[in-house]
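J.: Starting off with a structure, shown below.
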Amino acid sequence: MMTKLCKATDLAEGTSLGFLSHVGPVFAVRFDNEIYVYKNECPHLGVNLEFNEDEFLDSEGQLIQCSTHGALFSIDSGKCLSGPCQGDSLTKVDFEIIDDHITLVS
Ligand code: FES
């Protein structure tokens with residue numbers, strides 16, 4: 001199975017985008033020109049993280065934030081740094097860039 005999320009260039013530096021995929025809801029973040037993809041599932045209660053579409057980052061754009069209880073996660077490791085699930089992690093999703101598209105392959 002394979003899901004093309006978007007063109008890599010459609011994910012601007014310091015922004016995030018949410019998608020539905022064959023492994024369920026996911027989101028992608030570009031930070032310091034690296035791309036990260038995680039399952040859209042807070043380790044606290046298993047809910048989607050965003051309140052507004054495509055907004056997965058805190059107001060400074062430095063951390064991933066869960067909108068339900070405010071847990072904050074490292075963008076590069078997915079580890080929860082503060083909040084009710086501190087020490088737990090988001091689930092990273094492997095991807096490849098195929099034909100310029102961020103693509104989930106499994
Ligand atoms: S559901 Fe995400 S912090 Fe509680």
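Residues are referred to by chain and number: the chain letter is A, B, ... according to the order shown in the structure tokens, the number counts from 1 in that chain, and ligands are numbered separately from 1 in the order shown.
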Fewer than 2 positions away in the same chain doesn't count, so skip those; otherwise give me all residues within 12 Å of Lys7 (chain A), counting only C-alpha atoms, as a VMD selection string.
T.: chain A and resid 3 to 5 9 to 12 17 28 35 96 to 103
J.: If you run DSSP on the backbone here, which positions in region 29-94 of chain A get strand (DSSP E or B)? Please write them as a list in words.
T.: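 DSSP on the backbone gives strand (DSSP E or B) at Val29, Arg30, Phe31, Glu34, Ile35, Tyr36, Val37, Tyr38, Lys39, Leu57, Leu63, Ile64, Gln65, Leu72, Phe73, Ser74, Lys79, Cys80, Leu81, Ser82, Ser89 and Lys92 of chain A.
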J.: In terms of the shortest atom-to-atom distance over only C-alpha atoms, which of A:Val105, A:Ala71, A:Leu81, A:Val23 is closest to Cys42 (chain A)?
T.: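 Once distances to Cys42 (chain A) are computed over only C-alpha atoms, the minimum belongs to A:Ala71.
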J.: I need the residue nearest ligand 1 from this list: A:Asn40, A:Ser106, A:Ser74, A:Gln62. Use only C-alpha atoms and all ligand atoms for the distance.
T.: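 Distance minimum relative to ligand 1 lands on A:Asn40.
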J.: With distances taken over only C-alpha atoms, which residue among A:Leu57, A:Cys6, A:Leu20, A:Val37 lies nearest Asp94 (chain A)?
T.: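 Counting only C-alpha atoms, the residue closest to Asp94 (chain A) is A:Val37.
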J.: Please identify all polymer residues within 7 Å of Ser16 (chain A), counting only C-alpha atoms, omitting same-chain residues fewer than 3 positions from it, and present them as a PyMOL selection string.
T.: chain A and resi 11+27-30+54-56
J.: For N, CA and C atoms, I'd like the residues from the last selection saved as a CSV table (one decimal), in the first residue's frame.
T.:
chain,number,residue,atom,x,y,z
A,11,LEU,N,5.0,21.6,1.4
A,11,LEU,CA,5.2,21.7,2.8
A,11,LEU,C,6.2,22.7,3.1
A,27,PHE,N,0.2,13.5,10.1
A,27,PHE,CA,0.6,14.9,9.7
A,27,PHE,C,2.1,14.9,9.5
A,28,ALA,N,2.4,15.9,8.6
A,28,ALA,CA,3.8,16.1,8.3
A,28,ALA,C,4.2,17.5,8.7
A,29,VAL,N,5.5,17.7,9.1
A,29,VAL,CA,6.1,18.9,9.5
A,29,VAL,C,7.4,19.1,8.8
A,30,ARG,N,7.6,20.3,8.4
A,30,ARG,CA,9.0,20.7,7.9
A,30,ARG,C,9.6,21.6,8.9
A,54,ASP,N,-4.7,21.6,9.8
A,54,ASP,CA,-3.3,21.7,9.4
A,54,ASP,C,-2.4,22.5,10.5
A,55,GLU,N,-3.0,22.7,11.7
A,55,GLU,CA,-2.2,23.5,12.7
A,55,GLU,C,-1.8,22.5,13.8
A,56,PHE,N,-0.6,22.0,13.7
A,56,PHE,CA,-0.1,21.0,14.6
A,56,PHE,C,1.0,21.6,15.5
J.: What does the list of residues within 12 Å of ligand 1 look like if you count only C-alpha atoms and all ligand atoms, written as JSON, numbers by chain?
T.: {"A": [40, 41, 42, 43, 44, 45, 46, 47, 48, 49, 50, 51, 56, 64, 65, 66, 67, 68, 69, 70, 71, 72, 73, 80, 81, 82, 83, 84, 85, 86, 88, 89, 90]}
J.: One decimal, Å: what's the distance from CA of Ser59 (chain A) over to CA of Gly18 (chain A), could you say?
T.: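 So the answer is 17.2 Å.
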J.: Using only C-alpha atoms, which of the listed residues (A:Gly87, A:Phe95, A:Tyr36, A:Gly78) sits closest to Glu13 (chain A)?
T.: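 The answer is A:Tyr36, which sits nearest to Glu13 (chain A).
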